[in-house]
Amino acid sequence: MALVSPFCGSPPRHAAERGPTPGRKNVMRLVLIGPPGAGKGTQSSRLAAHLGVPHLSTGDMLREAMAAHTPLGDQARAYIERGQLVPDELVLNMVCQRITQPDCHAGMLLDGFPRTVRQAEALDAYLHGRGTPLDVALELAVPDDEVVRRLDKRGRDDDRPQVVAQRLHAYWTATRPLLDYYRQRGLLRSVDGLGTMDEVFARLLRALGRSSPHCS
Ligand code: AMP
């Protein structure tokens, strides 16, 4: 299967580019998975700051590309406006350009990526090729009715009811299978996404085996 080729090609060759910085502790490469409106964006940016790794949100990257009217943004727009997933090739290409930047070599938090098994396989192939596999896949679990309620309040363009229904459908059909994918690899940790922002954040830290001195 040509899973690596659309995504990043060959991994870096220099030993200095492989793996965590020597002596640096707690390096983390993690992905956060959850339905739209689960709070992934808010929790990810807080978690990334706490862990000292870059926060990479594919949703934000795509919205920026749309606002800047780049070719990628123009291609992605129709999918996003309909609540559909942007095709894997486009997303893999975009993520590839970002995660090969030096600031990602010592860790990263991926938010909203991967969203399909194919994306997860491509990410795994790239990270394994560098000798720096994923540490953990965090699931932020929120029931559908709560998701609909939250998105209704948020009011973003792609939060209109019909689009929300389509986004949930995409989550259930394309993204939820990732939970099994990561469970089978022993990487999945599920966290209850209901509660206050601080409560959920404390749960995420616990799931990572970290204490939460200032967050509860
Ligand atoms: P988000 O802000 O993560 O909910 O993403 C907003 C929209 O961007 C999604 O509904 C998708 O249309 C698109 N999108 C974001 N990340 C991905 C991805 N990894 N694969 C495909 N489409 C994506």
# chains A, B, ... in the order shown; residues from 1 in each chain; ligands from 1

$ residues_near_ligand --ligand "ligand 1" --cutoff "9 Å" --atoms "only C-alpha atoms and all ligand atoms" --output "ChimeraX atom specification"
/A:35-37,40-41,57-63,76-88,90-92,95,111-116,119,158,163-164,166-168,170-171

$ closest_residue --among "A:Gln101, A:Gln184, A:Asn93, A:Gln162" --to "Ala137 in chain A" --atoms "only C-alpha atoms"
A:Gln184

$ select_by_dssp --residues "chain A" --states "strand (DSSP E or B)" --output "PyMOL selection string"
chain A and resi 29-33+55-57+108-111+136-141+188-192

$ closest_residue --among "A:Leu208, A:Gly52, A:Gly186, A:Pro143" --to "Ala38 in chain A" --atoms "only C-alpha atoms"
A:Pro143

$ closest_residue --among "A:Leu110, A:Leu140, A:Cys8, A:Asp152" --to "Phe201 in chain A" --atoms "only C-alpha atoms"
A:Leu140

$ closest_atom_pairs --of "range 23-118 of chain A" --to "range 191-199 of chain A" --cutoff "9 Å" --atoms "only C-alpha atoms" --output "Markdown table"
| residue | atom | partner | partner_atom | distance |
| --- | --- | --- | --- | --- |
| A:Gly34 | CA | A:Gly193 | CA | 8.9 |
| A:Ala38 | CA | A:Gly193 | CA | 6.5 |
| A:Gly39 | CA | A:Gly193 | CA | 7.5 |
| A:Thr42 | CA | A:Met197 | CA | 8.3 |
| A:Gln43 | CA | A:Met197 | CA | 7.6 |

$ write_last_selection --atoms "N, CA and C atoms" --output "short mmCIF file (atom, residue, chain, number, x, y, z; two decimals), in the first residue's frame"
data_model
loop_
_atom_site.label_atom_id
_atom_site.label_comp_id
_atom_site.auth_asym_id
_atom_site.auth_seq_id
_atom_site.Cartn_x
_atom_site.Cartn_y
_atom_site.Cartn_z
N GLY A 34 -11.84 13.11 19.04
CA GLY A 34 -13.15 13.30 19.66
C GLY A 34 -14.10 13.90 18.66
N ALA A 38 -16.33 18.50 21.07
CA ALA A 38 -15.93 17.80 22.30
C ALA A 38 -15.03 18.67 23.17
N GLY A 39 -14.52 19.76 22.60
CA GLY A 39 -13.60 20.61 23.36
C GLY A 39 -12.15 20.32 23.00
N THR A 42 -9.82 23.65 22.63
CA THR A 42 -9.48 24.32 23.89
C THR A 42 -8.53 23.47 24.72
N GLN A 43 -8.88 22.19 24.86
CA GLN A 43 -8.05 21.31 25.70
C GLN A 43 -6.68 21.09 25.06
#

$ residues_around --residues "Arg183 in chain A" --least-positions-apart "6" --cutoff "12 Å" --atoms "only C-alpha atoms" --output "MDAnalysis selection string"
chainID A and resid 136:139 176:177 189:190

$ select_by_dssp --residues "range 83-168 of chain A" --states "alpha helix (DSSP H)" --output "NGL selection string"
:A and (88-99 or 117-129 or 144-154 or 161-168)

$ closest_residue --among "A:Met66, A:Val147, A:Cys104, A:Cys96" --to "Ala122 in chain A" --atoms "only C-alpha atoms"
A:Cys96

$ atom_distance --atom1 "CA of Gly209 in chain A" --atom2 "CA of Gly129 in chain A"
26.5 Å

$ atom_distance --atom1 "CA of Leu127 in chain A" --atom2 "CA of Ser45 in chain A"
21.8 Å

$ residues_around --residues "Arg210 in chain A" --least-positions-apart "5" --cutoff "12 Å" --atoms "only C-alpha atoms" --output "list in words"
Asn26, Leu47, His50, Leu51, Phe201, Ala202, Arg203, Leu204, Leu205 and Cys215 of chain A

$ write_last_selection --atoms "N, CA, C and O atoms" --output "tab-separated table (two decimals), in the first residue's frame"
chain	number	residue	atom	x	y	z
A	26	ASN	N	10.12	13.66	29.22
A	26	ASN	CA	8.69	13.86	28.98
A	26	ASN	C	8.36	14.32	27.57
A	26	ASN	O	7.40	15.05	27.37
A	47	LEU	N	-3.22	21.81	26.80
A	47	LEU	CA	-2.36	20.64	27.04
A	47	LEU	C	-0.99	20.81	26.36
A	47	LEU	O	0.05	20.49	26.94
A	50	HIS	N	1.07	23.08	28.34
A	50	HIS	CA	1.51	22.40	29.56
A	50	HIS	C	2.67	21.44	29.28
A	50	HIS	O	3.61	21.34	30.06
A	51	LEU	N	2.59	20.76	28.15
A	51	LEU	CA	3.61	19.76	27.82
A	51	LEU	C	4.81	20.38	27.11
A	51	LEU	O	5.84	19.73	26.94
A	201	PHE	N	-9.51	18.92	31.84
A	201	PHE	CA	-8.05	19.06	31.69
A	201	PHE	C	-7.32	18.19	32.72
A	201	PHE	O	-6.35	17.51	32.39
A	202	ALA	N	-7.82	18.20	33.95
A	202	ALA	CA	-7.19	17.38	35.00
A	202	ALA	C	-7.27	15.90	34.63
A	202	ALA	O	-6.32	15.14	34.84
A	203	ARG	N	-8.40	15.49	34.04
A	203	ARG	CA	-8.54	14.08	33.61
A	203	ARG	C	-7.53	13.75	32.51
A	203	ARG	O	-6.94	12.67	32.49
A	204	LEU	N	-7.36	14.69	31.59
A	204	LEU	CA	-6.40	14.44	30.50
A	204	LEU	C	-4.99	14.27	31.07
A	204	LEU	O	-4.25	13.36	30.67
A	205	LEU	N	-4.64	15.13	32.02
A	205	LEU	CA	-3.31	15.01	32.62
A	205	LEU	C	-3.16	13.68	33.35
A	205	LEU	O	-2.12	13.02	33.25
A	215	CYS	N	-4.42	23.11	37.99
A	215	CYS	CA	-5.54	23.16	37.06
A	215	CYS	C	-6.85	22.72	37.66
A	215	CYS	O	-7.83	22.63	36.95

$ closest_residue --among "A:Ala141, A:Glu89, A:Pro102, A:Pro54" --to "Gln75 in chain A" --atoms "only C-alpha atoms"
A:Glu89

$ atom_distance --atom1 "CA of Asp144 in chain A" --atom2 "CA of Pro161 in chain A"
12.9 Å

$ closest_residue --among "A:His128, A:Asp157, A:Ile33, A:Val148" --to "Asp180 in chain A" --atoms "only C-alpha atoms"
A:Ile33

$ decode --residues "range 48-161 of chain A" --atoms "C-alpha atoms" --output "tab-separated table (two decimals), in the first residue's frame"
chain	number	residue	atom	x	y	z
A	48	ALA	CA	0.24	21.50	24.41
A	49	ALA	CA	1.31	24.56	26.43
A	50	HIS	CA	1.51	22.40	29.56
A	51	LEU	CA	3.61	19.76	27.82
A	52	GLY	CA	5.75	22.29	25.95
A	53	VAL	CA	5.00	20.87	22.50
A	54	PRO	CA	3.49	22.54	19.43
A	55	HIS	CA	-0.29	22.35	19.03
A	56	LEU	CA	-1.20	21.35	15.49
A	57	SER	CA	-4.88	21.69	14.62
A	58	THR	CA	-5.74	20.61	11.10
A	59	GLY	CA	-9.10	22.40	11.39
A	60	ASP	CA	-7.31	25.69	12.20
A	61	MET	CA	-4.76	25.11	9.43
A	62	LEU	CA	-7.54	24.52	6.90
A	63	ARG	CA	-9.52	27.55	8.05
A	64	GLU	CA	-6.38	29.68	7.73
A	65	ALA	CA	-5.81	28.33	4.22
A	66	MET	CA	-9.42	29.16	3.35
A	67	ALA	CA	-9.12	32.69	4.72
A	68	ALA	CA	-5.89	33.22	2.75
A	69	HIS	CA	-7.48	31.77	-0.41
A	70	THR	CA	-4.57	29.43	-1.02
A	71	PRO	CA	-5.16	26.62	-3.55
A	72	LEU	CA	-5.52	24.20	-0.62
A	73	GLY	CA	-8.01	26.50	1.09
A	74	ASP	CA	-10.06	26.85	-2.07
A	75	GLN	CA	-10.12	23.08	-2.58
A	76	ALA	CA	-10.98	22.36	1.06
A	77	ARG	CA	-13.78	24.92	1.32
A	78	ALA	CA	-16.55	22.90	-0.33
A	79	TYR	CA	-15.90	19.90	1.91
A	80	ILE	CA	-15.72	21.92	5.11
A	81	GLU	CA	-18.84	23.90	4.32
A	82	ARG	CA	-20.74	20.65	3.77
A	83	GLY	CA	-19.38	19.09	6.96
A	84	GLN	CA	-17.45	16.46	5.04
A	85	LEU	CA	-13.88	15.42	5.61
A	86	VAL	CA	-11.30	17.00	3.33
A	87	PRO	CA	-9.73	14.27	1.15
A	88	ASP	CA	-6.81	12.44	2.73
A	89	GLU	CA	-4.28	13.50	0.07
A	90	LEU	CA	-4.85	17.20	0.73
A	91	VAL	CA	-4.70	16.83	4.49
A	92	LEU	CA	-1.68	14.52	4.47
A	93	ASN	CA	0.21	16.90	2.27
A	94	MET	CA	-0.58	19.82	4.57
A	95	VAL	CA	0.30	17.94	7.76
A	96	CYS	CA	3.48	16.61	6.21
A	97	GLN	CA	4.73	20.11	5.55
A	98	ARG	CA	4.03	21.08	9.14
A	99	ILE	CA	5.32	18.08	11.11
A	100	THR	CA	8.62	18.00	9.30
A	101	GLN	CA	9.41	21.45	10.75
A	102	PRO	CA	12.14	21.36	13.42
A	103	ASP	CA	9.83	22.40	16.26
A	104	CYS	CA	7.97	19.09	15.91
A	105	HIS	CA	11.03	16.89	16.23
A	106	ALA	CA	10.86	16.79	20.00
A	107	GLY	CA	7.12	16.27	20.30
A	108	MET	CA	3.74	17.50	19.11
A	109	LEU	CA	0.07	17.43	19.92
A	110	LEU	CA	-2.10	16.69	16.89
A	111	ASP	CA	-5.66	17.97	17.21
A	112	GLY	CA	-8.22	16.79	14.65
A	113	PHE	CA	-5.68	14.61	12.89
A	114	PRO	CA	-5.74	11.78	12.08
A	115	ARG	CA	-9.43	11.52	11.26
A	116	THR	CA	-9.33	8.41	9.07
A	117	VAL	CA	-7.51	5.11	9.41
A	118	ARG	CA	-5.56	5.97	6.27
A	119	GLN	CA	-4.30	9.19	7.88
A	120	ALA	CA	-3.36	7.24	11.02
A	121	GLU	CA	-1.43	4.68	8.98
A	122	ALA	CA	0.43	7.41	7.12
A	123	LEU	CA	1.30	9.16	10.39
A	124	ASP	CA	2.51	5.88	11.92
A	125	ALA	CA	4.64	5.12	8.88
A	126	TYR	CA	6.26	8.54	9.06
A	127	LEU	CA	6.87	8.49	12.82
A	128	HIS	CA	8.15	4.90	12.83
A	129	GLY	CA	10.46	5.80	9.97
A	130	ARG	CA	12.00	8.48	12.16
A	131	GLY	CA	12.22	6.12	15.13
A	132	THR	CA	9.86	8.36	17.11
A	133	PRO	CA	6.51	6.54	17.34
A	134	LEU	CA	3.34	7.99	18.77
A	135	ASP	CA	3.18	7.86	22.57
A	136	VAL	CA	-0.54	8.07	23.13
A	137	ALA	CA	-3.92	8.58	21.48
A	138	LEU	CA	-6.33	10.41	23.76
A	139	GLU	CA	-10.05	10.11	23.20
A	140	LEU	CA	-12.21	12.96	24.45
A	141	ALA	CA	-15.58	11.23	24.81
A	142	VAL	CA	-18.76	13.31	24.63
A	143	PRO	CA	-22.26	11.95	23.81
A	144	ASP	CA	-23.98	13.08	20.59
A	145	ASP	CA	-26.77	15.07	22.23
A	146	GLU	CA	-24.24	17.09	24.21
A	147	VAL	CA	-22.21	17.69	21.03
A	148	VAL	CA	-25.27	19.07	19.24
A	149	ARG	CA	-26.07	21.33	22.22
A	150	ARG	CA	-22.51	22.69	22.35
A	151	LEU	CA	-22.22	23.32	18.61
A	152	ASP	CA	-25.57	25.08	18.65
A	153	LYS	CA	-24.15	27.54	21.18
A	154	ARG	CA	-20.81	27.96	19.39
A	155	GLY	CA	-22.27	29.25	16.13
A	156	ARG	CA	-19.33	28.75	13.75
A	157	ASP	CA	-20.15	28.60	10.02
A	158	ASP	CA	-19.87	24.81	9.93
A	159	ASP	CA	-21.98	24.51	13.09
A	160	ARG	CA	-25.33	24.91	11.27
A	161	PRO	CA	-27.67	21.97	12.06
